[in-house]
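**Student:** My structure file coords.cif, mmCIF, C-alpha atoms, is below:
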```
data_entry
loop_
_atom_site.label_atom_id
_atom_site.label_comp_id
_atom_site.auth_asym_id
_atom_site.auth_seq_id
_atom_site.Cartn_x
_atom_site.Cartn_y
_atom_site.Cartn_z
CA MET J 1096 -4.19 -16.77 -24.20
CA ILE J 1097 -2.82 -13.27 -23.65
CA MET J 1098 -6.21 -11.76 -24.44
CA VAL J 1099 -8.01 -14.11 -22.07
CA GLU J 1100 -5.66 -13.26 -19.20
CA LEU J 1101 -5.98 -9.54 -19.88
CA LEU J 1102 -9.76 -9.86 -19.87
CA VAL J 1103 -9.59 -11.42 -16.40
CA ILE J 1104 -7.54 -8.48 -15.17
CA VAL J 1105 -9.91 -5.95 -16.72
CA SER J 1106 -13.00 -7.59 -15.23
CA THR J 1107 -11.45 -7.79 -11.76
CA LEU J 1108 -10.18 -4.22 -11.81
CA ILE J 1109 -13.57 -2.89 -12.86
CA GLU J 1110 -15.14 -4.67 -9.91
CA ILE J 1111 -12.70 -3.49 -7.23
CA THR J 1112 -12.76 0.13 -8.40
CA ARG J 1113 -16.51 0.37 -8.99
CA GLY J 1114 -17.81 3.60 -7.59
CA ALA J 1115 -14.52 5.45 -7.77
CA SER J 1116 -14.83 8.99 -9.04
CA THR J 1117 -13.23 10.30 -12.21
CA THR J 1118 -11.54 13.57 -12.99
CA ASN J 1119 -11.56 15.64 -16.15
CA LYS J 1120 -8.67 13.55 -17.49
CA ASP J 1121 -9.62 10.58 -19.70
CA MET J 1122 -9.30 7.61 -17.38
CA SER J 1123 -10.90 5.10 -19.74
CA THR J 1124 -7.96 4.47 -22.07
CA ALA J 1125 -4.41 3.45 -21.20
CA ASN J 1126 -1.29 2.76 -23.19
CA LEU J 1127 -0.52 -0.93 -22.75
CA ILE J 1128 3.01 -2.22 -22.13
CA ARG J 1129 3.59 -5.95 -21.66
CA VAL J 1130 6.42 -7.40 -19.54
CA ASP J 1131 7.12 -11.08 -20.10
CA GLN J 1132 10.28 -12.93 -19.09
CA SER J 1133 9.79 -15.36 -21.97
CA GLY J 1134 10.36 -12.58 -24.48
CA LYS J 1135 6.79 -12.51 -25.79
CA GLY J 1136 6.07 -9.04 -24.42
CA ASP J 1137 7.43 -5.57 -25.09
CA PHE J 1138 10.09 -5.97 -22.40
CA THR J 1139 11.54 -8.72 -20.22
CA LYS J 1140 12.24 -6.47 -17.21
CA ILE J 1141 9.83 -4.25 -15.30
CA GLN J 1142 12.29 -1.36 -14.97
CA GLU J 1143 12.76 -1.30 -18.74
CA ALA J 1144 9.00 -0.89 -19.17
CA ILE J 1145 8.89 1.96 -16.64
CA ASP J 1146 11.84 3.66 -18.32
CA SER J 1147 9.95 3.59 -21.63
CA VAL J 1148 7.17 5.81 -20.26
CA PRO J 1149 7.73 9.39 -21.49
CA SER J 1150 8.94 11.91 -18.93
CA ASN J 1151 6.25 14.24 -17.60
CA ASN J 1152 3.67 11.93 -19.11
CA SER J 1153 0.01 13.00 -18.80
CA HIS J 1154 -1.65 9.81 -20.08
CA LEU J 1155 -2.32 6.49 -18.38
CA TYR J 1156 0.25 3.75 -18.86
CA PHE J 1157 -0.76 0.21 -17.90
CA ILE J 1158 2.24 -2.07 -17.44
CA TRP J 1159 0.96 -5.63 -17.49
CA VAL J 1160 3.47 -7.97 -15.84
CA LYS J 1161 3.10 -11.62 -16.83
CA PRO J 1162 3.51 -14.26 -14.09
CA GLY J 1163 7.04 -14.90 -12.90
CA THR J 1164 9.62 -13.95 -10.29
CA TYR J 1165 11.30 -10.69 -11.25
CA ARG J 1166 14.59 -10.14 -9.41
CA GLU J 1167 14.78 -6.37 -9.76
CA LYS J 1168 15.17 -3.24 -7.70
CA ILE J 1169 12.57 -0.92 -9.23
CA VAL J 1170 12.10 2.85 -9.16
CA VAL J 1171 9.14 4.76 -10.58
CA PRO J 1172 10.74 8.22 -10.88
CA SER J 1173 8.90 11.41 -10.05
CA ASP J 1174 8.63 12.46 -13.70
CA LYS J 1175 6.57 9.38 -14.68
CA PRO J 1176 3.06 9.83 -13.19
CA PHE J 1177 -0.09 7.88 -14.10
CA VAL J 1178 1.59 4.48 -14.22
CA THR J 1179 -0.21 1.28 -13.28
CA LEU J 1180 1.90 -1.79 -12.50
CA SER J 1181 -0.30 -4.87 -12.61
CA GLY J 1182 0.22 -8.59 -12.27
CA THR J 1183 -2.40 -11.27 -12.79
CA LYS J 1184 -2.31 -12.67 -9.23
CA SER J 1185 -0.14 -11.64 -6.31
CA SER J 1186 0.68 -15.32 -5.79
CA ASN J 1187 2.38 -15.69 -9.17
CA THR J 1188 3.70 -12.20 -9.98
CA ILE J 1189 6.60 -11.57 -7.61
CA ILE J 1190 9.09 -8.71 -7.45
CA THR J 1191 11.97 -9.55 -5.14
CA TRP J 1192 15.24 -8.05 -3.98
CA ASN J 1193 17.59 -8.37 -1.03
CA ASP J 1194 18.97 -5.14 0.42
CA ASN J 1195 19.31 -3.40 3.78
CA GLY J 1196 20.45 -0.23 5.48
CA ASP J 1197 19.12 3.20 4.59
CA ILE J 1198 15.32 3.33 4.41
CA PHE J 1199 15.42 5.37 1.21
CA ASP J 1200 17.98 3.19 -0.56
CA SER J 1201 16.99 -0.34 0.43
CA PRO J 1202 13.44 -0.64 -1.02
CA THR J 1203 12.65 -3.27 -3.61
CA LEU J 1204 10.08 -0.88 -5.13
CA SER J 1205 10.32 2.90 -4.78
CA VAL J 1206 7.36 4.96 -6.00
CA LEU J 1207 8.36 8.60 -6.36
CA ALA J 1208 5.73 9.56 -8.95
CA SER J 1209 2.18 10.72 -8.34
CA ASN J 1210 -0.95 8.84 -9.41
CA PHE J 1211 0.68 5.41 -9.25
CA VAL J 1212 -1.38 2.22 -9.00
CA GLY J 1213 -0.04 -1.22 -8.04
CA ARG J 1214 -2.21 -4.33 -8.43
CA PHE J 1215 -1.94 -8.08 -7.95
CA LEU J 1216 1.75 -8.11 -7.04
CA THR J 1217 3.95 -9.59 -4.36
CA ILE J 1218 6.76 -7.20 -3.50
CA GLN J 1219 9.35 -8.47 -1.06
CA ASN J 1220 12.69 -7.69 0.51
CA THR J 1221 14.23 -11.00 1.58
CA PHE J 1222 17.06 -9.61 3.73
CA GLY J 1223 15.43 -10.78 6.98
CA ALA J 1224 16.10 -9.71 10.56
CA GLY J 1225 18.95 -7.58 11.81
CA ARG J 1226 18.76 -4.34 9.83
CA LYS J 1227 16.26 -2.04 8.14
CA ALA J 1228 15.12 -3.65 4.90
CA VAL J 1229 12.30 -1.81 3.15
CA SER J 1230 10.13 -3.63 0.64
CA VAL J 1231 8.06 -0.70 -0.68
CA ARG J 1232 8.65 3.04 -0.43
CA VAL J 1233 5.77 5.33 -1.42
CA SER J 1234 6.80 8.98 -1.67
CA GLY J 1235 4.50 10.14 -4.47
CA ASP J 1236 1.07 11.64 -3.89
CA LYS J 1237 -2.18 9.86 -4.82
CA ALA J 1238 -0.89 6.28 -4.86
CA ALA J 1239 -3.09 3.19 -4.57
CA PHE J 1240 -2.35 -0.50 -4.06
CA TYR J 1241 -4.91 -3.25 -4.64
CA ASN J 1242 -4.55 -6.92 -3.72
CA CYS J 1243 -0.80 -6.69 -3.19
CA ARG J 1244 1.45 -8.62 -0.79
CA ILE J 1245 4.18 -6.48 0.77
CA LEU J 1246 6.76 -8.51 2.69
CA SER J 1247 9.87 -7.93 4.78
CA TYR J 1248 10.90 -8.01 8.45
CA GLN J 1249 11.96 -4.57 9.72
CA ASP J 1250 10.52 -1.41 8.14
CA THR J 1251 8.54 -3.27 5.47
CA LEU J 1252 6.42 -0.40 4.12
CA LEU J 1253 7.85 3.11 4.09
CA ASP J 1254 4.61 5.03 3.70
CA ASP J 1255 6.66 8.15 3.32
CA SER J 1256 4.59 11.12 2.15
CA GLY J 1257 1.45 11.99 0.23
CA ARG J 1258 -2.07 10.51 0.20
CA HIS J 1259 -2.28 6.75 -0.25
CA TYR J 1260 -4.85 3.98 -0.39
CA PHE J 1261 -4.27 0.28 0.27
CA SER J 1262 -7.12 -2.13 -0.44
CA ASN J 1263 -7.19 -5.86 0.32
CA CYS J 1264 -3.42 -5.95 0.77
CA TYR J 1265 -1.35 -8.30 2.93
CA ILE J 1266 1.48 -6.56 4.80
CA GLU J 1267 4.00 -8.55 6.83
CA GLY J 1268 6.85 -7.60 9.13
CA ALA J 1269 8.03 -7.43 12.73
CA VAL J 1270 9.44 -4.03 13.68
CA ASP J 1271 7.81 -0.69 12.76
CA PHE J 1272 6.78 -2.36 9.56
CA ILE J 1273 4.26 0.27 8.48
CA PHE J 1274 5.94 3.62 9.01
CA GLY J 1275 6.28 7.11 7.56
CA SER J 1276 4.59 10.51 7.38
CA ALA J 1277 1.80 9.84 4.88
CA ALA J 1278 -1.97 10.19 5.10
CA SER J 1279 -3.11 6.66 4.31
CA LEU J 1280 -6.20 4.48 4.44
CA PHE J 1281 -5.70 0.72 4.75
CA GLU J 1282 -9.06 -0.82 3.88
CA LYS J 1283 -9.74 -4.54 4.39
CA CYS J 1284 -6.01 -5.20 4.69
CA HIS J 1285 -4.45 -8.17 6.49
CA VAL J 1286 -1.54 -7.11 8.71
CA HIS J 1287 0.63 -10.01 9.89
CA SER J 1288 3.26 -9.53 12.58
CA LEU J 1289 6.38 -11.68 12.81
CA SER J 1290 7.32 -10.07 16.13
CA GLU J 1291 8.15 -12.58 18.85
CA ARG J 1292 7.78 -10.24 21.80
CA ASP J 1293 7.45 -6.44 21.63
CA GLY J 1294 7.58 -5.20 18.07
CA ALA J 1295 5.30 -2.47 16.75
CA ILE J 1296 3.05 -2.55 13.71
CA THR J 1297 3.06 1.19 13.05
CA ALA J 1298 5.46 4.07 13.53
CA HIS J 1299 3.69 7.11 12.14
CA ARG J 1300 5.56 10.39 11.95
CA ARG J 1301 3.71 13.63 12.50
CA ASP J 1302 5.51 16.61 13.98
CA SER J 1303 2.64 19.07 14.30
CA SER J 1304 -1.07 18.96 15.04
CA ALA J 1305 -1.56 21.02 11.86
CA GLU J 1306 -0.36 18.17 9.62
CA LYS J 1307 -3.31 16.42 7.96
CA THR J 1308 -1.69 13.01 8.02
CA GLY J 1309 -2.15 9.69 9.77
CA PHE J 1310 -2.76 5.97 9.24
CA THR J 1311 -6.27 4.51 9.38
CA PHE J 1312 -6.90 0.76 9.31
CA LEU J 1313 -10.51 0.04 8.40
CA GLY J 1314 -12.23 -3.34 8.33
CA GLY J 1315 -9.10 -5.50 8.24
CA LYS J 1316 -7.41 -7.97 10.54
CA ILE J 1317 -4.21 -8.39 12.53
CA SER J 1318 -2.58 -11.80 12.98
CA GLY J 1319 0.64 -13.29 14.34
CA ASP J 1320 1.94 -15.71 16.96
CA GLY J 1321 4.19 -13.61 19.21
CA GLY J 1322 3.47 -10.23 20.74
CA CYS J 1323 3.38 -6.68 19.41
CA PHE J 1324 2.04 -3.19 19.94
CA LEU J 1325 -0.38 -1.47 17.59
CA GLY J 1326 2.08 1.37 17.24
CA ARG J 1327 4.61 3.78 18.68
CA PRO J 1328 5.24 7.44 17.82
CA TRP J 1329 7.84 8.45 15.28
CA GLY J 1330 7.06 12.11 15.91
CA SER J 1331 5.29 13.76 18.84
CA PHE J 1332 1.90 14.07 17.08
CA SER J 1333 1.77 10.58 15.60
CA ARG J 1334 -1.78 9.61 14.56
CA VAL J 1335 -3.12 6.07 14.02
CA VAL J 1336 -6.68 4.74 14.13
CA PHE J 1337 -7.92 1.15 13.95
CA ALA J 1338 -11.64 0.72 13.20
CA TYR J 1339 -13.73 -2.42 12.71
CA THR J 1340 -10.49 -4.42 12.86
CA TYR J 1341 -10.09 -7.99 14.06
CA MET J 1342 -7.17 -8.20 16.51
CA SER J 1343 -5.72 -11.56 17.50
CA ASN J 1344 -4.22 -12.20 20.92
CA LEU J 1345 -0.88 -11.14 19.43
CA ILE J 1346 -1.65 -7.58 20.57
CA ILE J 1347 0.00 -6.72 23.88
CA PRO J 1348 -2.76 -5.67 26.34
CA GLN J 1349 -1.35 -2.13 26.74
CA GLY J 1350 -1.87 -1.71 23.00
CA TRP J 1351 0.46 1.23 22.39
CA ASN J 1352 4.09 2.09 23.22
CA ASP J 1353 5.50 5.59 23.82
CA TRP J 1354 9.02 4.73 22.58
CA GLY J 1355 10.44 5.86 25.93
CA ASP J 1356 9.08 9.40 25.69
CA GLN J 1357 6.22 10.13 28.10
CA SER J 1358 5.91 13.68 26.78
CA THR J 1359 4.09 12.27 23.75
CA HIS J 1360 1.18 11.04 25.88
CA SER J 1361 -0.60 14.38 25.54
CA THR J 1362 0.08 14.89 21.83
CA VAL J 1363 -0.27 11.56 20.01
CA TYR J 1364 -3.66 10.45 18.67
CA TYR J 1365 -4.09 6.69 18.98
CA GLY J 1366 -7.68 5.57 18.58
CA GLU J 1367 -9.70 2.38 18.33
CA TYR J 1368 -13.30 2.04 17.22
CA LYS J 1369 -15.47 -1.06 17.32
CA CYS J 1370 -12.55 -3.46 16.93
CA TYR J 1371 -13.03 -7.07 17.95
CA GLY J 1372 -11.18 -10.27 18.74
CA PRO J 1373 -9.06 -11.21 21.79
CA GLY J 1374 -6.53 -8.46 21.12
CA ALA J 1375 -9.17 -5.72 21.03
CA ASN J 1376 -9.92 -5.85 24.76
CA ARG J 1377 -9.22 -2.30 25.99
CA SER J 1378 -9.38 -2.99 29.72
CA LYS J 1379 -5.58 -2.74 30.05
CA ARG J 1380 -4.90 -0.19 27.31
CA VAL J 1381 -2.64 2.75 28.11
CA GLY J 1382 -4.63 5.72 29.39
CA TRP J 1383 -3.38 8.02 26.66
CA SER J 1384 -5.00 6.00 23.88
CA ARG J 1385 -8.62 6.58 22.92
CA SER J 1386 -11.79 4.57 22.59
CA LEU J 1387 -13.46 6.65 19.91
CA THR J 1388 -17.10 7.68 19.92
CA SER J 1389 -19.13 7.42 16.72
CA ASP J 1390 -18.74 11.15 16.16
CA GLU J 1391 -14.98 11.03 16.72
CA ALA J 1392 -14.58 8.04 14.40
CA ALA J 1393 -16.77 9.33 11.57
CA SER J 1394 -14.06 11.22 9.70
CA TYR J 1395 -11.83 8.12 9.65
CA LEU J 1396 -14.38 5.76 8.16
CA THR J 1397 -14.49 6.96 4.54
CA LYS J 1398 -12.07 7.74 1.73
CA ASP J 1399 -12.63 11.42 2.40
CA MET J 1400 -9.79 11.33 4.92
CA ILE J 1401 -7.37 10.99 2.00
CA GLY J 1402 -9.46 12.99 -0.48
CA GLY J 1403 -9.88 9.75 -2.37
CA ARG J 1404 -13.09 10.68 -4.14
CA ASP J 1405 -11.09 13.23 -6.13
CA TRP J 1406 -8.27 11.00 -7.29
CA LEU J 1407 -8.96 7.27 -6.92
CA ARG J 1408 -9.63 6.27 -10.49
CA PRO J 1409 -11.53 3.42 -12.15
CA SER J 1410 -9.57 0.91 -14.15
CA PRO J 1411 -9.23 1.64 -17.88
CA THR J 1412 -11.63 -0.11 -20.23
CA ARG J 1413 -9.55 0.32 -23.39
CA PHE J 1414 -5.88 -0.40 -23.97
CA LYS J 1415 -3.80 1.11 -26.75
CA THR J 1416 -0.94 -0.78 -28.38
CA PRO J 1417 1.14 0.40 -31.36
CA SER J 1418 -1.05 -1.65 -33.70
CA ALA J 1419 -4.52 -1.68 -32.13
CA ILE J 1420 -6.94 -0.49 -29.48
CA ILE J 1421 -8.17 -3.34 -27.31
CA SER J 1422 -11.49 -2.89 -25.53
CA ALA J 1423 -13.23 -5.10 -23.03
CA LYS J 1424 -15.83 -5.82 -25.72
CA ASP J 1425 -13.12 -6.82 -28.21
CA LEU J 1426 -11.61 -9.16 -25.66
CA ASN J 1427 -14.97 -10.78 -25.02
CA ASN J 1428 -15.23 -11.57 -28.72
CA GLU J 1429 -11.81 -13.21 -28.93
#
```
Taking this structure as input, can you express it in the form of structure tokens?

**Tutor:**
Amino acid sequence: MIMVELLVIVSTLIEITRGASTTNKDMSTANLIRVDQSGKGDFTKIQEAIDSVPSNNSHLYFIWVKPGTYREKIVVPSDKPFVTLSGTKSSNTIITWNDNGDIFDSPTLSVLASNFVGRFLTIQNTFGAGRKAVSVRVSGDKAAFYNCRILSYQDTLLDDSGRHYFSNCYIEGAVDFIFGSAASLFEKCHVHSLSERDGAITAHRRDSSAEKTGFTFLGGKISGDGGCFLGRPWGSFSRVVFAYTYMSNLIIPQGWNDWGDQSTHSTVYYGEYKCYGPGANRSKRVGWSRSLTSDEAASYLTKDMIGGRDWLRPSPTRFKTPSAIISAKDLNNE
């Protein structure tokens, strides 16, 4: 049964990362660590599995988390790069915690290491409304999330620093729930707002026009039942672009909010390109936002904006355990 489930993961990961470039490092083989609350894996807690990865590791480690609800506050420290944390389905592999307050201390999952990959997980902070309650903090460079659900209310995703890629993820919150200073591409992601009246989806921080950072939402959708802005500036040069995005009537007609500082009108970069749906009508948008031309939008429509061709890696095809090497072919023959 374990081999069958692992084969499903391998097949799916190969499909969603097809076409990703490789580097000189061997990306085909990963050390396999199993987490299973029933005691049938290598560890029963996710943090224990992460702690077992050698410091300053230079090899891939694939932590396979069996279905269950894991009540843990997890940190991937900066000296443990090249870790993949993978469930089987985001609907049945849940990491949950309940904390609030400081944005750097409250996250359920904090990723401080580079070259991290998260897949098929639900990560949630269940604190609710009233205070900052981060679900995921990403402070390491070259991090990618595939098919994950990231849930909270205020400040859900601290997209702090580095280059990041989110693919087919569901992100939910109400107030500034995607925020930080990173350079990130959100491709085919579903953003759901819980805001009743005037929350903001994004709060990107960029303090200089020289910073090569910003949030791009490409080919996804925005839903919700109340009202919210696409974003507001956490930093005078905040940069956010929505392209080919479905926008429900949740979006307030003005589209963008200046957070009470009109001086940012000449410095922020808030763009929309070929978005659709009732919330994409730009007839009442603020004058300091942009309807991008094809030439202006071009650089935001590929993974090049995060240098992804150099670091987004394919899923491993072989998995090493202390007693064996498991390949996709071996699993097919089980």

**Student:** Excluding range 1272-1287 of chain J and any residue of its chain fewer than 5 positions from it, enumerate the residues within 6 Å of it, using all atoms listed in the file, and give them as a PDB file with C-alpha atoms, in the coordinates of the input.

**Tutor:**
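Output below, filename result29.pdb:
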```pdb
ATOM      1  CA  GLN J1249      11.960  -4.570   9.720  1.00  0.00           C
ATOM      2  CA  ASP J1250      10.520  -1.410   8.140  1.00  0.00           C
ATOM      3  CA  THR J1251       8.540  -3.270   5.470  1.00  0.00           C
ATOM      4  CA  LEU J1252       6.420  -0.400   4.120  1.00  0.00           C
ATOM      5  CA  LEU J1253       7.850   3.110   4.090  1.00  0.00           C
ATOM      6  CA  ASP J1254       4.610   5.030   3.700  1.00  0.00           C
ATOM      7  CA  ASP J1255       6.660   8.150   3.320  1.00  0.00           C
ATOM      8  CA  SER J1256       4.590  11.120   2.150  1.00  0.00           C
ATOM      9  CA  GLY J1257       1.450  11.990   0.230  1.00  0.00           C
ATOM     10  CA  ARG J1258      -2.070  10.510   0.200  1.00  0.00           C
ATOM     11  CA  HIS J1259      -2.280   6.750  -0.250  1.00  0.00           C
ATOM     12  CA  TYR J1260      -4.850   3.980  -0.390  1.00  0.00           C
ATOM     13  CA  PHE J1261      -4.270   0.280   0.270  1.00  0.00           C
ATOM     14  CA  SER J1262      -7.120  -2.130  -0.440  1.00  0.00           C
ATOM     15  CA  ASN J1263      -7.190  -5.860   0.320  1.00  0.00           C
ATOM     16  CA  CYS J1264      -3.420  -5.950   0.770  1.00  0.00           C
ATOM     17  CA  TYR J1265      -1.350  -8.300   2.930  1.00  0.00           C
ATOM     18  CA  ILE J1266       1.480  -6.560   4.800  1.00  0.00           C
ATOM     19  CA  GLU J1267       4.000  -8.550   6.830  1.00  0.00           C
ATOM     20  CA  ILE J1296       3.050  -2.550  13.710  1.00  0.00           C
ATOM     21  CA  THR J1297       3.060   1.190  13.050  1.00  0.00           C
ATOM     22  CA  ALA J1298       5.460   4.070  13.530  1.00  0.00           C
ATOM     23  CA  HIS J1299       3.690   7.110  12.140  1.00  0.00           C
ATOM     24  CA  ARG J1300       5.560  10.390  11.950  1.00  0.00           C
ATOM     25  CA  THR J1308      -1.690  13.010   8.020  1.00  0.00           C
ATOM     26  CA  GLY J1309      -2.150   9.690   9.770  1.00  0.00           C
ATOM     27  CA  PHE J1310      -2.760   5.970   9.240  1.00  0.00           C
ATOM     28  CA  THR J1311      -6.270   4.510   9.380  1.00  0.00           C
ATOM     29  CA  PHE J1312      -6.900   0.760   9.310  1.00  0.00           C
ATOM     30  CA  LEU J1313     -10.510   0.040   8.400  1.00  0.00           C
ATOM     31  CA  GLY J1314     -12.230  -3.340   8.330  1.00  0.00           C
ATOM     32  CA  GLY J1315      -9.100  -5.500   8.240  1.00  0.00           C
ATOM     33  CA  LYS J1316      -7.410  -7.970  10.540  1.00  0.00           C
ATOM     34  CA  ILE J1317      -4.210  -8.390  12.530  1.00  0.00           C
ATOM     35  CA  SER J1318      -2.580 -11.800  12.980  1.00  0.00           C
ATOM     36  CA  GLY J1319       0.640 -13.290  14.340  1.00  0.00           C
TER      37      GLY J1319
END
```

**Student:** Which residues match the PyMOL selection byres ((chain J and resi 1360) around 12) in the file above, as an mmCIF file with C-alpha atoms, in the coordinates of the input?

**Tutor:**
```cif
data_model
loop_
_atom_site.group_PDB
_atom_site.id
_atom_site.type_symbol
_atom_site.label_atom_id
_atom_site.label_comp_id
_atom_site.auth_asym_id
_atom_site.auth_seq_id
_atom_site.Cartn_x
_atom_site.Cartn_y
_atom_site.Cartn_z
ATOM 1 C CA ARG J 1327 4.610 3.780 18.680
ATOM 2 C CA PRO J 1328 5.240 7.440 17.820
ATOM 3 C CA GLY J 1330 7.060 12.110 15.910
ATOM 4 C CA SER J 1331 5.290 13.760 18.840
ATOM 5 C CA PHE J 1332 1.900 14.070 17.080
ATOM 6 C CA SER J 1333 1.770 10.580 15.600
ATOM 7 C CA ARG J 1334 -1.780 9.610 14.560
ATOM 8 C CA TRP J 1351 0.460 1.230 22.390
ATOM 9 C CA ASN J 1352 4.090 2.090 23.220
ATOM 10 C CA ASP J 1353 5.500 5.590 23.820
ATOM 11 C CA TRP J 1354 9.020 4.730 22.580
ATOM 12 C CA GLY J 1355 10.440 5.860 25.930
ATOM 13 C CA ASP J 1356 9.080 9.400 25.690
ATOM 14 C CA GLN J 1357 6.220 10.130 28.100
ATOM 15 C CA SER J 1358 5.910 13.680 26.780
ATOM 16 C CA THR J 1359 4.090 12.270 23.750
ATOM 17 C CA SER J 1361 -0.600 14.380 25.540
ATOM 18 C CA THR J 1362 0.080 14.890 21.830
ATOM 19 C CA VAL J 1363 -0.270 11.560 20.010
ATOM 20 C CA TYR J 1364 -3.660 10.450 18.670
ATOM 21 C CA TYR J 1365 -4.090 6.690 18.980
ATOM 22 C CA VAL J 1381 -2.640 2.750 28.110
ATOM 23 C CA GLY J 1382 -4.630 5.720 29.390
ATOM 24 C CA TRP J 1383 -3.380 8.020 26.660
ATOM 25 C CA SER J 1384 -5.000 6.000 23.880
ATOM 26 C CA ARG J 1385 -8.620 6.580 22.920
#
```

**Student:** When you count all atoms listed in the file, which of these residues is closest to Ala1125 in chain J: J:Pro1202, J:Pro1409, J:Gly1213, J:Pro1348?

**Tutor:**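 Going through J:Pro1202, J:Pro1409, J:Gly1213, J:Pro1348 one by one, the smallest distance to Ala1125 in chain J is for J:Pro1409.
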
**Student:** Using Å and a single decimal, report how far CA of Asp1302 in chain J sits from CA of Lys1398 in chain J.

**Tutor:** 23.2 Å

**Student:** Which residues would end up in the selection if the PyMOL selection byres ((chain J and resi 1411) around 9) were applied here, given that I need the answer as JSON, numbers by chain?

**Tutor:** {"J": [1105, 1108, 1109, 1122, 1123, 1124, 1125, 1155, 1157, 1408, 1409, 1410, 1412, 1413, 1414]}

**Student:** Which one is closest to Ile1141 in chain J: J:Ser1173, J:Thr1388, J:Ser1186, J:Thr1191? Count only C-alpha atoms.

**Tutor:** J:Thr1191

**Student:** I'd like to see the residues matched by the PyMOL selection byres ((chain J and resi 1379) around 10) on this file, and ideally I'd get them as a list in words.

**Tutor:**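 On the file shown, the PyMOL selection byres ((chain J and resi 1379) around 10) covers Ile1347, Pro1348, Gln1349, Gly1350, Asn1376, Arg1377, Ser1378, Arg1380, Val1381 and Gly1382 of chain J.
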
**Student:** Mind dumping the selected residues with C-alpha atoms as a short mmCIF file (atom, residue, chain, number, x, y, z; two decimals), keeping the file's coordinate frame?

**Tutor:**
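Here's the written file selection_36.cif:
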```
data_model
loop_
_atom_site.label_atom_id
_atom_site.label_comp_id
_atom_site.auth_asym_id
_atom_site.auth_seq_id
_atom_site.Cartn_x
_atom_site.Cartn_y
_atom_site.Cartn_z
CA ILE J 1347 0.00 -6.72 23.88
CA PRO J 1348 -2.76 -5.67 26.34
CA GLN J 1349 -1.35 -2.13 26.74
CA GLY J 1350 -1.87 -1.71 23.00
CA ASN J 1376 -9.92 -5.85 24.76
CA ARG J 1377 -9.22 -2.30 25.99
CA SER J 1378 -9.38 -2.99 29.72
CA ARG J 1380 -4.90 -0.19 27.31
CA VAL J 1381 -2.64 2.75 28.11
CA GLY J 1382 -4.63 5.72 29.39
#
```

**Student:** Can you work out the spacing between CA of Leu1345 in chain J and CA of Ile1245 in chain J in Å, to one decimal?

**Tutor:** 19.9 Å

**Student:** Taking (7.3, -11.0, -19.5) in the file's coordinates as the center, which residues reach within 12 Å of it, counting only C-alpha atoms, put as number ranges by chain?

**Tutor:** J: 1097, 1128-1144, 1158-1165, 1181-1183, 1188-1189

**Student:** Give the answer as one residue: which of J:Ser1288, J:Ser1386, J:Tyr1395, J:Ile1421 has the shortest atom-to-atom distance to Ser1343 in chain J, using all atoms listed in the file?

**Tutor:**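 The closest residue to Ser1343 in chain J is J:Ser1288.
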
**Student:** For the atom pair CA of Phe1211 in chain J and CA of Val1231 in chain J, what is the interatomic distance in Å to one decimal place?

**Tutor:**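 These two atoms are separated by 12.9 Å.
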
**Student:** Pick the closest to Ala1338 in chain J from J:Leu1289, J:Leu1180, J:Leu1204, J:Ala1392: which is it, counting only C-alpha atoms?

**Tutor:**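 Using only C-alpha atoms, the shortest distance to Ala1338 in chain J belongs to J:Ala1392.
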
**Student:** Draw an axis-aligned box tight on the listed atoms of range 1205-1218 of chain J, then pad every side by 5 Å and write out centre and edge lengths in Å to one decimal as lines of an AutoDock Vina configuration file.

**Tutor:**
```
center_x = 4.1
center_y = 0.6
center_z = -6.5
size_x = 22.5
size_y = 30.3
size_z = 15.9
```

**Student:** Name the closest residue to Tyr1156 in chain J among the candidates J:Gln1219, J:Cys1370, J:Thr1416, J:Ile1169; distances are taken between atoms, counting all atoms listed in the file.

**Tutor:**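 Closest candidate: J:Thr1416.
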
**Student:** Return the single residue from J:Asn1195, J:Thr1221, J:Ser1247, J:Asn1152 that is closest to Ser1209 in chain J, with distances computed using all atoms listed in the file.

**Tutor:**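 Looking only at the distances to Ser1209 in chain J, the closest residue turns out to be J:Asn1152.
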
**Student:** As a CSV table (one decimal), in the coordinates of the input, please: range 1286-1292 of chain J completed to N, CA and C atoms.

**Tutor:**
```
chain,number,residue,atom,x,y,z
J,1286,VAL,N,-2.8,-7.5,8.2
J,1286,VAL,CA,-1.5,-7.1,8.7
J,1286,VAL,C,-1.1,-8.3,9.6
J,1287,HIS,N,0.1,-8.8,9.2
J,1287,HIS,CA,0.6,-10.0,9.9
J,1287,HIS,C,2.0,-9.7,10.5
J,1288,SER,N,2.0,-9.8,11.8
J,1288,SER,CA,3.3,-9.5,12.6
J,1288,SER,C,4.1,-10.8,12.8
J,1289,LEU,N,5.4,-10.6,12.5
J,1289,LEU,CA,6.4,-11.7,12.8
J,1289,LEU,C,7.1,-11.5,14.1
J,1290,SER,N,6.7,-10.4,14.9
J,1290,SER,CA,7.3,-10.1,16.1
J,1290,SER,C,7.1,-11.2,17.1
J,1291,GLU,N,8.2,-11.5,17.8
J,1291,GLU,CA,8.2,-12.6,18.8
J,1291,GLU,C,7.7,-12.0,20.2
J,1292,ARG,N,8.0,-10.7,20.4
J,1292,ARG,CA,7.8,-10.2,21.8
J,1292,ARG,C,7.2,-8.8,21.9
```
